[in-house]
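> See work_11.pdb below, with PDB, C-alpha atoms and all ligand atoms.
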```
MODEL        1
ATOM      1  CA  MET A   1       5.670  33.397  10.928
ATOM      2  CA  THR A   2       3.379  31.617   8.420
ATOM      3  CA  ARG A   3       4.850  31.261   4.958
ATOM      4  CA  ILE A   4       2.540  32.007   2.000
ATOM      5  CA  ASN A   5       3.317  30.589  -1.437
ATOM      6  CA  PHE A   6       2.723  32.094  -4.907
ATOM      7  CA  PHE A   7      -0.841  30.693  -4.961
ATOM      8  CA  HIS A   8      -1.642  32.364  -1.601
ATOM      9  CA  GLN A   9      -1.673  29.072   0.281
ATOM     10  CA  SER A  10      -0.094  28.881   3.715
ATOM     11  CA  VAL A  11       2.851  26.539   3.826
ATOM     12  CA  PRO A  12       3.160  24.798   7.205
ATOM     13  CA  GLU A  13       6.513  24.137   8.852
ATOM     14  CA  ILE A  14       7.696  20.569   8.134
ATOM     15  CA  CYS A  15       7.465  19.644  11.863
ATOM     16  CA  ASP A  16       3.858  20.884  12.052
ATOM     17  CA  LEU A  17       2.791  18.542   9.232
ATOM     18  CA  PHE A  18       3.193  15.651  11.678
ATOM     19  CA  LYS A  19       0.576  17.013  14.076
ATOM     20  CA  ASP A  20      -1.848  15.324  11.688
ATOM     21  CA  GLU A  21      -1.886  11.545  12.274
ATOM     22  CA  VAL A  22      -3.036  10.888   8.671
ATOM     23  CA  ILE A  23       0.015  12.707   7.268
ATOM     24  CA  ARG A  24       2.311  10.872   9.672
ATOM     25  CA  ARG A  25       0.958   7.503   8.500
ATOM     26  CA  TYR A  26       1.154   8.593   4.836
ATOM     27  CA  VAL A  27       4.809   9.654   5.244
ATOM     28  CA  GLU A  28       5.633   6.374   7.033
ATOM     29  CA  SER A  29       4.042   4.166   4.380
ATOM     30  CA  THR A  30       5.407   6.162   1.435
ATOM     31  CA  LEU A  31       8.933   6.200   2.883
ATOM     32  CA  ALA A  32       8.585   2.420   3.253
ATOM     33  CA  TYR A  33       7.778   2.138  -0.488
ATOM     34  CA  VAL A  34      10.790   4.314  -1.364
ATOM     35  CA  LEU A  35      13.163   2.349   0.893
ATOM     36  CA  ASN A  36      11.848  -0.960  -0.461
ATOM     37  CA  GLU A  37      12.444   0.331  -3.977
ATOM     38  CA  LEU A  38      16.022   1.104  -2.895
ATOM     39  CA  GLU A  39      16.302  -2.441  -1.450
ATOM     40  CA  ILE A  40      17.129  -1.151   2.046
ATOM     41  CA  GLU A  41      16.930  -3.652   4.893
ATOM     42  CA  GLU A  42      15.196  -2.632   8.140
ATOM     43  CA  PRO A  43      13.350   0.387   6.689
ATOM     44  CA  GLY A  44      11.353   0.821   9.945
ATOM     45  CA  ARG A  45      14.385   1.998  11.948
ATOM     46  CA  ILE A  46      15.321   4.510   9.230
ATOM     47  CA  ILE A  47      11.765   5.845   8.952
ATOM     48  CA  ASP A  48      11.525   6.304  12.743
ATOM     49  CA  GLU A  49      14.797   8.245  12.862
ATOM     50  CA  VAL A  50      13.876  10.521   9.923
ATOM     51  CA  ILE A  51      10.469  11.305  11.449
ATOM     52  CA  GLU A  52      11.996  11.880  14.885
ATOM     53  CA  LEU A  53      14.403  14.470  13.383
ATOM     54  CA  ALA A  54      11.641  16.013  11.227
ATOM     55  CA  THR A  55       9.391  16.562  14.238
ATOM     56  CA  THR A  56      11.824  17.749  16.931
ATOM     57  CA  TYR A  57      14.068  20.357  15.280
ATOM     58  CA  VAL A  58      14.553  23.916  16.491
ATOM     59  CA  ASN A  59      16.682  24.952  13.496
ATOM     60  CA  ILE A  60      15.562  22.982  10.423
ATOM     61  CA  GLU A  61      18.922  22.849   8.661
ATOM     62  CA  ARG A  62      21.072  22.179  11.742
ATOM     63  CA  ASP A  63      18.732  19.710  13.512
ATOM     64  CA  TYR A  64      16.887  17.971  10.641
ATOM     65  CA  GLU A  65      18.230  18.438   7.079
ATOM     66  CA  LYS A  66      21.918  17.824   7.822
ATOM     67  CA  PRO A  67      21.638  15.081  10.510
ATOM     68  CA  ALA A  68      18.949  13.222   8.513
ATOM     69  CA  HIS A  69      21.141  13.441   5.388
ATOM     70  CA  ASP A  70      24.211  12.205   7.319
ATOM     71  CA  PHE A  71      22.145   9.354   8.788
ATOM     72  CA  LEU A  72      20.889   8.332   5.311
ATOM     73  CA  VAL A  73      24.486   8.395   4.024
ATOM     74  CA  LYS A  74      25.622   6.196   6.958
ATOM     75  CA  GLU A  75      22.779   3.743   6.340
ATOM     76  CA  GLY A  76      23.712   3.457   2.631
ATOM     77  CA  VAL A  77      20.449   5.019   1.383
ATOM     78  CA  THR A  78      21.811   7.993  -0.598
ATOM     79  CA  GLU A  79      24.399   5.891  -2.457
ATOM     80  CA  LYS A  80      21.605   3.770  -3.960
ATOM     81  CA  ILE A  81      19.738   6.756  -5.414
ATOM     82  CA  PRO A  82      21.938   7.525  -8.483
ATOM     83  CA  GLU A  83      21.586   3.919  -9.708
ATOM     84  CA  LYS A  84      17.792   3.979  -9.222
ATOM     85  CA  LEU A  85      17.615   7.379 -10.934
ATOM     86  CA  SER A  86      19.807   6.260 -13.827
ATOM     87  CA  ASN A  87      16.829   5.799 -16.139
ATOM     88  CA  ARG A  88      14.926   8.883 -14.915
ATOM     89  CA  ALA A  89      15.874  11.017 -17.947
ATOM     90  CA  GLU A  90      14.887   8.191 -20.346
ATOM     91  CA  LEU A  91      11.541   7.847 -18.553
ATOM     92  CA  ILE A  92      10.849  11.585 -18.817
ATOM     93  CA  TYR A  93      11.983  11.712 -22.434
ATOM     94  CA  SER A  94       9.609   8.838 -23.284
ATOM     95  CA  GLN A  95       6.795  10.948 -21.759
ATOM     96  CA  ILE A  96       7.576  14.186 -23.586
ATOM     97  CA  SER A  97       8.935  13.013 -26.958
ATOM     98  CA  PRO A  98       5.497  12.128 -28.470
ATOM     99  CA  HIS A  99       4.555  15.808 -28.023
ATOM    100  CA  LEU A 100       7.709  17.477 -29.399
ATOM    101  CA  LEU A 101       7.477  19.335 -32.710
ATOM    102  CA  PRO A 102      10.453  19.007 -35.089
ATOM    103  CA  GLY A 103      13.065  21.719 -34.549
ATOM    104  CA  LEU A 104      14.665  23.659 -31.710
ATOM    105  CA  VAL A 105      14.188  22.867 -28.018
ATOM    106  CA  LEU A 106      14.698  25.156 -25.020
ATOM    107  CA  ASP A 107      15.021  23.149 -21.770
ATOM    108  CA  MET A 108      14.136  25.776 -19.156
ATOM    109  CA  GLY A 109      15.167  24.761 -15.628
ATOM    110  CA  CYS A 110      17.232  21.930 -17.112
ATOM    111  CA  GLY A 111      18.829  20.694 -13.839
ATOM    112  CA  ASP A 112      21.525  18.143 -14.747
ATOM    113  CA  GLY A 113      20.720  18.545 -18.487
ATOM    114  CA  LYS A 114      20.135  14.815 -19.054
ATOM    115  CA  VAL A 115      16.643  15.202 -20.542
ATOM    116  CA  GLY A 116      17.930  17.962 -22.862
ATOM    117  CA  GLU A 117      20.809  15.701 -23.893
ATOM    118  CA  LEU A 118      18.328  13.001 -24.961
ATOM    119  CA  ALA A 119      16.446  15.567 -27.082
ATOM    120  CA  TYR A 120      19.804  16.521 -28.633
ATOM    121  CA  LEU A 121      20.593  12.843 -29.386
ATOM    122  CA  ASP A 122      17.121  12.656 -30.955
ATOM    123  CA  ARG A 123      18.240  15.299 -33.507
ATOM    124  CA  HIS A 124      16.899  18.465 -31.885
ATOM    125  CA  ALA A 125      19.197  21.465 -31.444
ATOM    126  CA  VAL A 126      18.917  22.173 -27.702
ATOM    127  CA  THR A 127      19.584  25.130 -25.422
ATOM    128  CA  LEU A 128      19.681  24.453 -21.689
ATOM    129  CA  ALA A 129      18.891  27.209 -19.177
ATOM    130  CA  ASP A 130      18.749  27.280 -15.370
ATOM    131  CA  VAL A 131      19.209  29.535 -12.360
ATOM    132  CA  TYR A 132      22.042  27.313 -11.112
ATOM    133  CA  GLU A 133      24.715  25.327 -12.903
ATOM    134  CA  HIS A 134      24.560  21.634 -12.037
ATOM    135  CA  LYS A 135      27.971  19.949 -11.805
ATOM    136  CA  ASN A 136      27.235  17.849 -14.962
ATOM    137  CA  ILE A 137      26.633  20.828 -17.230
ATOM    138  CA  LEU A 138      30.190  21.862 -18.059
ATOM    139  CA  ASP A 139      31.176  18.310 -19.020
ATOM    140  CA  LEU A 140      27.961  17.835 -21.011
ATOM    141  CA  CYS A 141      28.346  21.023 -23.060
ATOM    142  CA  THR A 142      32.064  20.315 -23.644
ATOM    143  CA  ARG A 143      31.309  16.804 -24.953
ATOM    144  CA  ARG A 144      28.366  17.804 -27.157
ATOM    145  CA  SER A 145      29.038  20.694 -29.466
ATOM    146  CA  GLY A 146      25.716  22.311 -30.313
ATOM    147  CA  LEU A 147      24.328  21.876 -26.793
ATOM    148  CA  ASP A 148      24.561  25.227 -25.011
ATOM    149  CA  PHE A 149      23.843  26.301 -21.449
ATOM    150  CA  VAL A 150      22.592  29.721 -20.304
ATOM    151  CA  LEU A 151      22.800  30.628 -16.610
ATOM    152  CA  PHE A 152      20.548  33.374 -15.260
ATOM    153  CA  GLU A 153      19.289  34.687 -11.925
ATOM    154  CA  GLN A 154      16.069  33.751 -10.143
ATOM    155  CA  GLY A 155      13.570  36.555 -10.842
ATOM    156  CA  LYS A 156      15.412  37.841 -13.947
ATOM    157  CA  GLU A 157      14.649  37.324 -17.646
ATOM    158  CA  VAL A 158      16.709  34.596 -19.304
ATOM    159  CA  PRO A 159      19.154  36.437 -21.651
ATOM    160  CA  ILE A 160      18.072  34.717 -24.897
ATOM    161  CA  THR A 161      16.321  36.253 -27.903
ATOM    162  CA  GLU A 162      16.103  33.253 -30.259
ATOM    163  CA  LYS A 163      12.677  31.656 -30.914
ATOM    164  CA  TYR A 164      12.224  27.932 -30.283
ATOM    165  CA  ASP A 165       9.769  25.364 -31.679
ATOM    166  CA  ASN A 166       9.496  23.699 -28.264
ATOM    167  CA  ALA A 167      10.195  24.652 -24.670
ATOM    168  CA  LEU A 168      10.337  22.291 -21.710
ATOM    169  CA  LEU A 169       9.328  23.239 -18.170
ATOM    170  CA  LEU A 170       9.822  19.927 -16.403
ATOM    171  CA  THR A 171       9.009  20.098 -12.673
ATOM    172  CA  VAL A 172      10.303  23.685 -12.697
ATOM    173  CA  ASN A 173       7.276  25.847 -11.906
ATOM    174  CA  HIS A 174       6.827  24.593  -8.337
ATOM    175  CA  HIS A 175      10.525  25.429  -7.757
ATOM    176  CA  SER A 176      10.270  28.933  -9.226
ATOM    177  CA  ASN A 177       9.543  31.839  -6.862
ATOM    178  CA  ASN A 178       7.235  33.201  -9.539
ATOM    179  CA  PRO A 179       5.748  30.521 -11.845
ATOM    180  CA  MET A 180       3.872  33.211 -13.802
ATOM    181  CA  GLN A 181       7.061  35.063 -14.668
ATOM    182  CA  THR A 182       8.836  31.768 -15.498
ATOM    183  CA  THR A 183       6.013  30.602 -17.786
ATOM    184  CA  LEU A 184       5.714  34.003 -19.514
ATOM    185  CA  ASP A 185       9.458  34.261 -20.015
ATOM    186  CA  THR A 186       9.495  30.741 -21.469
ATOM    187  CA  ALA A 187       6.541  31.544 -23.745
ATOM    188  CA  ARG A 188       8.363  34.692 -24.972
ATOM    189  CA  LEU A 189      11.015  32.392 -26.461
ATOM    190  CA  VAL A 190       8.577  30.055 -28.275
ATOM    191  CA  ARG A 191       7.440  30.832 -31.827
ATOM    192  CA  LYS A 192       3.715  31.296 -32.529
ATOM    193  CA  GLY A 193       2.233  27.803 -32.902
ATOM    194  CA  GLY A 194       5.146  26.262 -30.967
ATOM    195  CA  ARG A 195       4.767  24.063 -27.894
ATOM    196  CA  ILE A 196       5.559  24.278 -24.216
ATOM    197  CA  ILE A 197       5.626  20.921 -22.454
ATOM    198  CA  VAL A 198       5.167  21.126 -18.714
ATOM    199  CA  ILE A 199       5.414  18.396 -16.098
ATOM    200  CA  GLU A 200       4.247  19.323 -12.608
ATOM    201  CA  SER A 201       3.940  17.676  -9.200
ATOM    202  CA  VAL A 202       0.285  18.236  -8.403
ATOM    203  CA  TYR A 203      -2.369  17.742  -5.725
ATOM    204  CA  GLY A 204      -6.183  17.701  -5.869
ATOM    205  CA  ILE A 205      -6.359  14.237  -7.477
ATOM    206  CA  LYS A 206      -9.635  12.379  -6.986
ATOM    207  CA  THR A 207      -9.461   8.779  -5.713
ATOM    208  CA  GLU A 208     -11.114   7.497  -8.888
ATOM    209  CA  GLN A 209      -8.698   9.309 -11.252
ATOM    210  CA  GLU A 210      -7.187   6.827 -13.744
ATOM    211  CA  GLU A 211      -3.631   7.368 -14.935
ATOM    212  CA  ASP A 212      -2.994   7.556 -18.696
ATOM    213  CA  ILE A 213       0.289   5.639 -18.479
ATOM    214  CA  HIS A 214       1.003   2.756 -16.081
ATOM    215  CA  TYR A 215       4.315   2.205 -14.329
ATOM    216  CA  GLY A 216       3.749  -1.056 -12.465
ATOM    217  CA  GLU A 217       2.219  -2.246  -9.228
ATOM    218  CA  ARG A 218       4.336  -0.245  -6.765
ATOM    219  CA  SER A 219       3.622   2.970  -8.666
ATOM    220  CA  ALA A 220      -0.121   2.175  -8.649
ATOM    221  CA  MET A 221      -0.063   1.482  -4.874
ATOM    222  CA  MET A 222       1.821   4.709  -4.145
ATOM    223  CA  GLY A 223      -0.599   6.633  -6.379
ATOM    224  CA  LEU A 224      -3.641   5.148  -4.660
ATOM    225  CA  ASN A 225      -2.224   5.935  -1.213
ATOM    226  CA  PHE A 226      -1.833   9.553  -2.342
ATOM    227  CA  LYS A 227      -5.278   9.763  -3.968
ATOM    228  CA  LEU A 228      -6.907   8.506  -0.749
ATOM    229  CA  LEU A 229      -5.708  11.670   1.036
ATOM    230  CA  ASP A 230      -8.009  14.682   0.967
ATOM    231  CA  HIS A 231      -6.787  17.494  -1.273
ATOM    232  CA  GLU A 232      -5.259  19.665   1.448
ATOM    233  CA  LYS A 233      -3.340  16.670   2.804
ATOM    234  CA  GLN A 234      -2.108  15.870  -0.740
ATOM    235  CA  MET A 235      -0.580  19.383  -0.785
ATOM    236  CA  PHE A 236       1.025  18.733   2.631
ATOM    237  CA  ALA A 237       2.382  15.372   1.423
ATOM    238  CA  ASN A 238       3.979  17.166  -1.558
ATOM    239  CA  ILE A 239       5.560  19.700   0.804
ATOM    240  CA  PHE A 240       7.116  16.955   2.950
ATOM    241  CA  PHE A 241       8.493  14.911   0.044
ATOM    242  CA  ASP A 242       9.645  17.862  -2.090
ATOM    243  CA  HIS A 243      11.596  19.148   0.911
ATOM    244  CA  PHE A 244      12.850  15.653   1.846
ATOM    245  CA  TYR A 245      14.105  14.895  -1.660
ATOM    246  CA  ASN A 246      15.726  18.273  -2.392
ATOM    247  CA  ARG A 247      16.932  19.422   1.032
ATOM    248  CA  VAL A 248      17.556  16.176   2.939
ATOM    249  CA  ILE A 249      18.563  13.501   0.411
ATOM    250  CA  HIS A 250      20.409  16.084  -1.721
ATOM    251  CA  TYR A 251      21.586  18.171   1.259
ATOM    252  CA  SER A 252      24.352  20.658   0.544
ATOM    253  CA  ASP A 253      26.124  23.074   2.936
ATOM    254  CA  ASP A 254      26.662  25.449   0.031
ATOM    255  CA  PRO A 255      23.754  27.907  -0.380
ATOM    256  CA  LYS A 256      24.480  28.009  -4.156
ATOM    257  CA  ASN A 257      23.645  24.287  -4.390
ATOM    258  CA  LYS A 258      20.396  24.412  -2.436
ATOM    259  CA  VAL A 259      17.418  23.772  -4.719
ATOM    260  CA  ASN A 260      14.766  26.452  -4.285
ATOM    261  CA  VAL A 261      11.669  24.998  -2.553
ATOM    262  CA  PRO A 262       8.858  27.597  -2.486
ATOM    263  CA  PHE A 263       6.268  24.745  -2.665
ATOM    264  CA  ASN A 264       4.278  26.363  -5.483
ATOM    265  CA  PHE A 265       1.996  23.378  -6.007
ATOM    266  CA  CYS A 266      -1.316  23.556  -7.822
ATOM    267  CA  THR A 267      -4.036  21.193  -9.058
ATOM    268  CA  PRO A 268      -4.123  19.985 -12.714
ATOM    269  CA  GLY A 269      -7.237  22.112 -13.317
ATOM    270  CA  GLY A 270      -5.604  25.083 -11.578
ATOM    271  CA  TRP A 271      -2.562  24.842 -13.886
ATOM    272  CA  LYS A 272      -4.856  24.680 -16.941
ATOM    273  CA  MET A 273      -6.567  27.935 -15.900
ATOM    274  CA  PHE A 274      -3.210  29.486 -15.031
ATOM    275  CA  PHE A 275      -1.776  28.672 -18.507
ATOM    276  CA  GLU A 276      -4.949  29.782 -20.320
ATOM    277  CA  ASP A 277      -4.941  33.108 -18.430
ATOM    278  CA  LEU A 278      -1.426  33.627 -19.859
ATOM    279  CA  GLY A 279      -2.739  33.084 -23.411
ATOM    280  CA  LEU A 280      -1.495  29.496 -23.796
ATOM    281  CA  GLU A 281      -3.879  26.827 -25.024
ATOM    282  CA  GLN A 282      -3.736  23.485 -23.181
ATOM    283  CA  GLU A 283      -3.951  20.911 -25.999
ATOM    284  CA  ARG A 284      -3.635  17.907 -23.741
ATOM    285  CA  VAL A 285      -3.141  16.799 -20.150
ATOM    286  CA  VAL A 286      -1.643  13.397 -19.371
ATOM    287  CA  TYR A 287      -1.988  11.872 -15.884
ATOM    288  CA  LEU A 288       1.397  10.228 -15.224
ATOM    289  CA  GLY A 289       0.732   9.433 -11.546
ATOM    290  CA  ASN A 290       3.607   8.283  -9.306
ATOM    291  CA  ASP A 291       5.882   7.485 -12.225
ATOM    292  CA  GLN A 292       9.203   7.979 -10.366
ATOM    293  CA  LEU A 293       9.388   5.559  -7.456
ATOM    294  CA  THR A 294      12.176   7.295  -5.531
ATOM    295  CA  VAL A 295      10.511  10.737  -5.882
ATOM    296  CA  PRO A 296       7.019  10.084  -4.506
ATOM    297  CA  GLU A 297       5.081  12.914  -6.147
ATOM    298  CA  TYR A 298       2.043  12.631  -8.423
ATOM    299  CA  HIS A 299       2.807  14.111 -11.867
ATOM    300  CA  THR A 300       0.744  15.503 -14.726
ATOM    301  CA  LEU A 301       2.061  16.495 -18.156
ATOM    302  CA  HIS A 302       0.557  19.529 -19.916
ATOM    303  CA  VAL A 303       0.975  20.134 -23.657
ATOM    304  CA  LEU A 304       0.553  23.859 -24.364
ATOM    305  CA  LYS A 305       0.319  25.678 -27.679
ATOM    306  CA  LYS A 306       1.441  29.284 -28.018
TER     307      LYS A 306
HETATM  308  C1  LIG B 401      13.259  19.389  -9.940
HETATM  309  S1  LIG B 401      14.471  20.220 -10.857
HETATM  310  C2  LIG B 401      14.061  19.669 -12.498
HETATM  311  C3  LIG B 401      15.248  19.654 -13.432
HETATM  312  C4  LIG B 401      14.960  19.173 -14.844
HETATM  313  N1  LIG B 401      13.928  19.963 -15.481
HETATM  314  C5  LIG B 401      14.568  17.701 -14.853
HETATM  315  O1  LIG B 401      13.391  17.401 -14.975
HETATM  316  O2  LIG B 401      15.470  16.872 -14.692
HETATM  317  C6  LIG B 401      13.897  21.904 -10.861
HETATM  318  C7  LIG B 401      14.830  22.862 -11.586
HETATM  319  O3  LIG B 401      14.180  24.129 -11.709
HETATM  320  C8  LIG B 401      15.189  25.119 -11.585
HETATM  321  N2  LIG B 401      14.575  26.435 -11.291
HETATM  322  C9  LIG B 401      14.144  26.932 -10.113
HETATM  323  N3  LIG B 401      13.663  28.185 -10.288
HETATM  324  C10 LIG B 401      13.772  28.463 -11.600
HETATM  325  C11 LIG B 401      13.456  29.600 -12.411
HETATM  326  N4  LIG B 401      12.916  30.709 -11.889
HETATM  327  N5  LIG B 401      13.723  29.549 -13.733
HETATM  328  C12 LIG B 401      14.261  28.429 -14.279
HETATM  329  N6  LIG B 401      14.600  27.334 -13.561
HETATM  330  C13 LIG B 401      14.364  27.353 -12.244
HETATM  331  C14 LIG B 401      16.060  24.569 -10.472
HETATM  332  O4  LIG B 401      17.303  25.223 -10.428
HETATM  333  C15 LIG B 401      16.132  23.089 -10.855
HETATM  334  O5  LIG B 401      17.203  22.817 -11.723
ENDMDL
END
```
Now that the file is in, can you turn its structure into structure tokens?


Amino acid sequence: MTRINFFHQSVPEICDLFKDEVIRRYVESTLAYVLNELEIEEPGRIIDEVIELATTYVNIERDYEKPAHDFLVKEGVTEKIPEKLSNRAELIYSQISPHLLPGLVLDMGCGDGKVGELAYLDRHAVTLADVYEHKNILDLCTRRSGLDFVLFEQGKEVPITEKYDNALLLTVNHHSNNPMQTTLDTARLVRKGGRIIVIESVYGIKTEQEEDIHYGERSAMMGLNFKLLDHEKQMFANIFFDHFYNRVIHYSDDPKNKVNVPFNFCTPGGWKMFFEDLGLEQERVVYLGNDQLTVPEYHTLHVLKK
């Protein structure tokens, strides 16, 4: 049965993505960049095994997600990720902080809460909210009085009534079953004139698009590789890597710990129209490109005014 996402696009099965030789070569070369970044020896053998599992499964979890995860653990790949991701929150905070207004921050879809913690250390009162509670959250909120966490259910309104000066939606919308409801519910909690800062993994990037911030040679090469794909294949590349990162690298047997992957990707221009249709003004868009080398997705940052 074909899966249709929020934007009415059909979402192919992961194994079917590889019927296209261009996607197969893109996945191979991008996985090679990621494994080089992780300083893994013999990346070719690892890439072959991952692609073999991704193309031959009958049951995706049993025959691909779990065995590929176990293989990456055995080969020492997963253990290198936390170290490489250790400055991820700092990187994201450096991208969003120039756009924050003084005052309160709501970090909607906060994940591990590390970006929200940096806003807190930068003298903002911060509320974290998410549809699941990451294992870091309890410790974080116990250590930092004044940093609160609100848990709510996918599809339900977040139970907050306070108004914030800023809200963050950082790579959340493509994980939400209903990005419109998530954006509207976030906007409900922002005061008139306040800001919503969105980062999204996008497709539909022209080859000649220049990034506004540069993150080194490997990032530029990964970005160019992506921009050379046609726009439909960019969407397919996002599907593969979003699934690979969230469901293979971070595999969990526990359904509560599985990150939602509805693949609600859009183009930068599509997001602008989407936000404007909801009554939010896009003040600025920043092309970040492939800023995170172990998460090979092309990012844009959108500064919205309520
Ligand atoms: C890729 S993570 C990003 C986490 C964090 N914003 C960051 O940048 O580190 C996506 C997050 O969105 C959350 N999420 C998914 N659906 C959501 C929804 N409907 N409302 C709020 N958060 C949601 C997930 O639970 C996950 O923590």

> Go through A:Gly155, A:Pro102, A:Gly193, A:Gly204 one by one, measure the shortest atom-to-atom distance of each to His124 in chain A using all atoms listed in the file, and give the residue with the smallest value.

A:Pro102

> Rounded to one decimal in Å, what is the spacing between CA of Leu228 in chain A and CA of Glu211 in chain A?

14.6 Å

> For His175 in chain A, list every protein, DNA or RNA residue within 8 Å, evaluated using all atoms listed in the file, and leave out those in the same chain fewer than 6 positions away; present the list as a PDB file with C-alpha atoms, keeping the file's coordinate frame.


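Resulting contents of around23.pdb:
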```pdb
ATOM      1  CA  VAL A 259      17.418  23.772  -4.719  1.00  0.00           C
ATOM      2  CA  ASN A 260      14.766  26.452  -4.285  1.00  0.00           C
ATOM      3  CA  VAL A 261      11.669  24.998  -2.553  1.00  0.00           C
ATOM      4  CA  PRO A 262       8.858  27.597  -2.486  1.00  0.00           C
ATOM      5  CA  PHE A 263       6.268  24.745  -2.665  1.00  0.00           C
ATOM      6  CA  ASN A 264       4.278  26.363  -5.483  1.00  0.00           C
TER       7      ASN A 264
END
```

> Per residue of chain A within 6 Å of ligand LIG 401 (chain B), note the shortest atom pair and the distance in Å to one decimal, counting all atoms listed in the file, and order the rows by chain and increasing residue number, as a tab-separated table.


```
residue	atom	partner	partner_atom	distance
A:Met108	CA	B:LIG401	C12	5.6
A:Gly109	CA	B:LIG401	N6	3.3
A:Cys110	CA	B:LIG401	N1	4.2
A:Gly111	CA	B:LIG401	O5	3.4
A:Asp130	CA	B:LIG401	N6	4.5
A:Val131	CA	B:LIG401	O4	5.1
A:Tyr132	CA	B:LIG401	O4	5.2
A:Gln154	CA	B:LIG401	N4	4.7
A:Gly155	CA	B:LIG401	N4	6.0
A:Leu170	CA	B:LIG401	N1	4.2
A:Thr171	CA	B:LIG401	C2	5.1
A:Val172	CA	B:LIG401	O3	4.0
A:His175	CA	B:LIG401	C9	4.6
A:Ser176	CA	B:LIG401	N3	3.6
A:Thr182	CA	B:LIG401	N4	5.5
A:Val259	CA	B:LIG401	O4	5.9
A:Asn260	CA	B:LIG401	C9	5.9
```

> Pick from A:Ala119, A:Leu85, A:Ala129, A:Ile14: nearest to Thr294 in chain A, with all atoms listed in the file counted?

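Of A:Ala119, A:Leu85, A:Ala129, A:Ile14, the one nearest Thr294 in chain A, counting all atoms listed in the file, is A:Leu85.
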
> What residues come out when you apply the PyMOL selection byres (((chain A and resi 295) around 8) and not hetatm) to this file, written as a list in words?

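Answer for the PyMOL selection byres (((chain A and resi 295) around 8) and not hetatm): Val34, Phe241, Tyr245, Gln292, Leu293, Thr294, Pro296 and Glu297 of chain A.
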
> Quick one: residues within 10 Å of (15.6, 19.5, 9.7) (file frame), counting only C-alpha atoms, please, as a PyMOL selection string.

chain A and resi 14-15+50-69+243-244+247-248

> Can you sort out the box for range 64-68 of chain A, edges along x, y and z, all listed atoms in, 4 Å on every side, with centre and edge lengths in Å to one decimal, as lines of an AutoDock Vina configuration file?


```
center_x = 19.4
center_y = 15.8
center_z = 8.9
size_x = 13.0
size_y = 13.2
size_z = 11.6
```

> Mind pulling up the distance from CA of Glu157 in chain A to CA of Leu106 in chain A?

14.2 Å

> Residues near Gln282 in chain A, anyone? I mean within 7 Å using all atoms listed in the file, not counting same-chain ones fewer than 3 positions away, as a list in words.

Lys272, His302, Val303, Leu304 and Lys305 of chain A

> Here is a test: counting all atoms listed in the file, which residue of A:Leu100, A:Val202, A:Cys141, A:Leu288 is nearest to Ser219 in chain A?

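Nearest to Ser219 in chain A: A:Leu288.
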
> Report as a PyMOL selection string the residues that result from applying the PyMOL selection byres (((chain A and resi 16-25) around 7) and not hetatm) to the structure here.

chain A and resi 12-15+26-29+55+233+236-237

> Regenerate range 132-143 of chain A at the level of N, CA and C atoms and dump it as a compact mmCIF listing (two decimals), in the coordinates of the input.


```txt
# COMPACT_ATOMS: atom_id res chain seq x y z
N TYR A 132 20.77 27.76 -11.70
CA TYR A 132 22.04 27.31 -11.11
C TYR A 132 22.69 26.35 -12.08
N GLU A 133 24.01 26.20 -11.96
CA GLU A 133 24.72 25.33 -12.90
C GLU A 133 25.04 24.01 -12.21
N HIS A 134 24.33 22.97 -12.59
CA HIS A 134 24.56 21.63 -12.04
C HIS A 134 25.96 21.17 -12.42
N LYS A 135 26.57 20.36 -11.56
CA LYS A 135 27.97 19.95 -11.80
C LYS A 135 28.16 19.18 -13.12
N ASN A 136 27.11 18.59 -13.68
CA ASN A 136 27.24 17.85 -14.96
C ASN A 136 27.34 18.75 -16.19
N ILE A 137 26.90 20.01 -16.04
CA ILE A 137 26.63 20.83 -17.23
C ILE A 137 27.90 21.13 -18.04
N LEU A 138 28.97 21.47 -17.34
CA LEU A 138 30.19 21.86 -18.06
C LEU A 138 30.66 20.69 -18.92
N ASP A 139 30.72 19.51 -18.30
CA ASP A 139 31.18 18.31 -19.02
C ASP A 139 30.25 18.02 -20.21
N LEU A 140 28.95 18.13 -19.96
CA LEU A 140 27.96 17.84 -21.01
C LEU A 140 28.14 18.77 -22.22
N CYS A 141 28.26 20.06 -21.95
CA CYS A 141 28.35 21.02 -23.06
C CYS A 141 29.72 20.96 -23.73
N THR A 142 30.75 20.48 -23.02
CA THR A 142 32.06 20.32 -23.64
C THR A 142 32.04 19.11 -24.58
N ARG A 143 31.36 18.03 -24.14
CA ARG A 143 31.31 16.80 -24.95
C ARG A 143 30.43 16.97 -26.18
```
